[in-house]
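Only one structure is covered here, and it is reproduced in the block below.
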Amino acid sequence: MPRAVTTRRKAVMTVIAWTVGLLIFFPILWTVLTSFKTEADAIAIPPRFLNFDWTLENYVTVQERSDYFRHFWNSVVISVGSTLIGLAIAIPAAWAMAFVPGKRTKDVLMWMLSTKMLPPVGVLVPIYLLFRDTGLLDTRIGLVIVLTLINLPIIVWMLYTYFREIPGEILEAARMDGAGLRSEILYVLTPMAVPGIASTMLLNIILAWNEAFWTLNLTAAKAAPLTAFIASYSSPEGLFYAKLSAASTMAIAPILILGWFSQKQLVRGLTFGAVK
Amino acid sequence: MSTTLRALLGATALCAAGGIAAAQENVTLTIATVNNGDMIRMQALASDFTEKHPNIELEWVTLEENVLRQRVTTDIATKGGQYDVMTIGTYEVPIWGAQDWLVPLNDLPAEYDVDDLLPAIRDGLTVDGNLYAAPFYGESSMVMYRTDLMEAAGLEMPEAPTWDFIKEAAAAMTDKDAEVYGICLRGKAGWGENMAFLTAMANSYGARWFDEEWNAQFDSPEWKATLDDYLMLMNEYGPPGAANNGFNENLALFQQGKCGMWIDATVAASFVTNPEDSTVADKVGFALAPDNGLGKRGNWLWAWSLGIPAGSQKIDAAKEFIAWATSKEYTAMVAEKEGWANVPPGTRQSLYDNPEYQKVPFAQMTLDSINAADPTQPTVDPVPYTGVQFVAIPEFQGIGTAVGQQFAAALAGQSTAEQALSNAQALTTREMTRAGYPK
Amino acid sequence: MSTKASRTAARLMISPAVLLLLAWMIVPLSMTLYFSLLRYNLLMPGMESWAGFENYRYFFTDPAFSAALFNTLALVGGVLVITVIGGILVALLLDQPFWGQGIVRLLVLAPFFVMPTVSALVWKNMFMNPVNGVFAWLARVFGLQPYDFLTQAPLASIIGIVAWQWLPFAALILLTALQSLDSEQMEAAEMDGASPLKRFWFITLPHLSRAITVVILIQTIFLLSIFAEILVTTNGGPGTASTNLTFLVYMQSLLQFDVGLGSAGGVVAIILANIVAIFLMRMIGKNLDA
């Protein structure tokens, strides 16, 4: 094929791909832009794209109303904590399922996933009562426990599909060399599994960060993460678009940046072993 | 009384109540509140309280009304104990008070002057002689309208308009090409949203929720007339998307100059006349909620109030806070910092006796509206319940919201007024039967 | 190779996860089951009494029930159709050579990171609002009446919002799958003169089938309990036009505080979820073993 055509085709593709990409991204871009506008500019007609007076006032107002950093820190503790505990429980389970599969392994796995389909609203009152009796209401520990449990099935499954891709021959070879179960895990499997574990971890941090039912219903002030922070903006008070945008930007920025930086690992993790 | 002296007195009172050791012990109060403008302001001014009470720290949980109600109700009903002070309304207080879920506030200090509270508001928060919550602000509803548009239409708003005049004015003010809508009313489904407005409106049409035997009354001609007029007004002269507009959405529309008239909470008056937020601040007039010549006006009565859940471990500190937030001094402080128009209205007679406050354009109209509402006799015919824009029984939240959904569907054009009313009748009857009425 | 010892070890390693999930499932579930047989309203303490199956009868005869059932399935189905078809198209596009691939990929991925509450708030207020929204402005630019999305087409609007959140997920899984496609096979087909459409149908699509099933499985798990988006945008209305089962149970247990009725609804929702789950597992299980 002549080079000119390829370049032209590439140019056309570039235009189309960028258009699609920007369209999908536009709501987020618009939110970020609006967060720097005054309330009057935020509803100006025609909408102002870049030609407005940039201001940080909305961020100041939002911060005055509720301490962002405390909510942020709660979000970090809850999402990272629940992911790490989840991994600690899931790694052995997934390892065993992948390398010592029994007749029922698949059923156990599917059953685990099906627990994820329980509608949380249906069990809120029982959980609330349990939490009240154990003093876990409005504590980060309580949320870590709940989020660990609701994301555990996904963690197990992702790790399982990963571990299955590790070729069995390597294990055999290691056993020939007389490696025990412990060193088998430590020196052979772990290095090979690290990328899989990393992407599982990333995806779960994102899922836990964005979980908005339990985090909202089981907290009041002390353990409330960013989902609660944004909930106080869920209905307008007069002109509020710019303030809403500022609060939204603050709530999603950390996880968006984390996701973007680690997108290679993340995307690979997202395939759930569907791609060989 | 100087600030220092008052602080000293406050501290003494606290010592007396809890002993010196308790007074010095640090206490953290968790306060659940609504994200309405006046509460946001209270949160911003709370440093005044913490300066006077250095041993009390405040944690705020500020949520949208429906989420807040769900959270505090779950918590108090299960005795979860997550909150020390709750912001609740005239609907919850009598029900919760009767269950002994709230701490009675009978022992507020003398300088709090509990007798200064407006009788209509105070009665709504009192059960069997016990005051169970202190009103932070009280409201009724009234007509807010654009004086410039009214003039351009060649009409003059009477102080006490009829529904017929409202229809005429809405038609004359509407200019859809210029995005000016004659009337903005609540349409968003919810017992505290569209049903608050519609129930109050229905009262002025002589309709009622239940007859004296607790039979649902949505099959009555009065309800039909109410809903027909409401739908006509909204479809002909209302803004697009009205079925999703609640108080706050309409406030935004009015502030942007897109509504000719708006019938809603009196507390909105300070927001629409505030030049910082409102583009029409100097062009707003006020009138009583409309009537139909039947002796009842379509205005409601509500007070956002602060109460203490019975399980709280920090009752003394919580009382200190409530006494501060609902005091005359708090009002004076807001007036000093933000102007008289922005003080929380509708709770104290002394505020309306204050010559400074009488200069505020909506002050008298607010007081008149509050005094015109009668929760014990909300409508023309006798009813077995209390409450103007609600029915003070626990089942009402669910029923009211479900009926609100039906009326919102009619507004959205998904069903007719007849269908909506017959669905409302059926579902109300069903739920009331399930709950075992008549009791 | 698996000895008896390693089997025992494997059991030990699996058991914490299984036991925890079992407890997580059984404890609340049995409480829910028990509550569902009681007359139990949180607002009327001390009035609890045995109700038998009355709550279930009320739940099934609730006029909102059939609407909620339909909406639940329509919501899941609608989002799946949009994200799978849209995801394939976006993946095919991103697989083409063009400048700035890395950046475009980041742009496409972004919605996946946005909290459901935030995305619902932003769409509702800044885009779909019929007075101040961007869409309303666009409509007026073209001389049209602004369309009132959340009133006129509430369910479709919610499907749109949810699909926006999940499109990146589908697109990226499918893109990864696409990149592992054997290019020699593709070239051979091209030599044989197969049209691009035929090549897509007979080579690309079968290759993607595994990835598509994974997308469907994972998304269904999350879509069955969609809640925040409905709460923020339409509150289930107007009428019951956008009430799904989760939202109906929410209305009963947290608005009416009728724990008995809400629990009965919860049990029904759990059973429905499990029917869908079994159905899915059959389908996926086959496809994943292959």
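For the structure tokens, the naming scheme is as follows: chains receive sequential letters (A, B, ...) according to their order of presentation, residues are indexed from 1 within each chain, and ligands are indexed from 1 in presentation order.
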Specify as a ChimeraX atom specification all residues of chain C found within 10 Å of chain B, counting only C-alpha atoms. /C:39,41-45,54-55,58,62-64,125,128-132,145-153,231,233-241,251-258
Identify every residue of chain A that has at least one atom within 7 Å of any atom of chain C, counting only C-alpha atoms, and report the result as a PyMOL selection string. chain A and resi 10-11+13-14+17-18+21-22+24-25+43+89-90+92-93+96+100+110+114-119+121-123+126-127+149+206+210+234+248+252+255-256+260+267+270-271+274-275
Could you list, as number ranges by chain, the residues of chain B having an atom within 8 Å of chain A when counting only C-alpha atoms? B: 30, 35-37, 40, 43-44, 59-64, 71, 78, 80, 82-83, 248-249, 251-253, 255, 271, 277
Could you write those residues out with C-alpha atoms, as a compact mmCIF listing (two decimals), in the first residue's frame?
# COMPACT_ATOMS: atom_id res chain seq x y z
CA THR B 30 -22.21 14.85 66.15
CA ASN B 35 -28.10 21.27 53.53
CA ASN B 36 -30.44 24.26 53.53
CA GLY B 37 -28.98 27.75 53.42
CA ILE B 40 -25.01 26.00 56.22
CA GLN B 43 -22.25 25.68 60.50
CA ALA B 44 -20.10 28.58 59.36
CA GLU B 59 -18.81 17.27 64.01
CA TRP B 60 -21.22 18.08 61.20
CA VAL B 61 -23.11 15.66 59.02
CA THR B 62 -24.76 17.81 56.38
CA LEU B 63 -27.05 15.94 54.02
CA GLU B 64 -29.79 16.52 51.54
CA ARG B 71 -30.43 8.32 58.11
CA THR B 78 -32.71 1.28 65.99
CA GLY B 80 -27.93 3.42 66.80
CA GLN B 82 -24.64 7.94 65.91
CA TYR B 83 -25.95 11.47 66.42
CA ASN B 248 -34.16 24.00 45.62
CA GLU B 249 -34.60 23.62 41.86
CA LEU B 251 -35.28 28.50 43.96
CA ALA B 252 -32.52 28.35 41.36
CA LEU B 253 -35.03 29.08 38.58
CA GLN B 255 -33.12 33.46 41.25
CA PHE B 271 -32.67 33.92 49.30
CA ASP B 277 -27.32 35.02 44.72
At what distance in Å, to one decimal, does atom CA of A:Phe99 lie from atom CA of A:Gly168?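 Atom CA of A:Phe99 lies at a distance of 7.8 Å from atom CA of A:Gly168.
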Could you pull out the residues in stretch 348-434 of chain B that DSSP calls helix (DSSP H, G or I) from the backbone, as a ChimeraX atom specification? /B:349-353,355-358,363-372,396-411,417-434
Atomic distance atom CA of B:Gly238 - atom CA of B:Met144, expressed in Å with one decimal: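 Separation of atom CA of B:Gly238 and atom CA of B:Met144: 14.8 Å.
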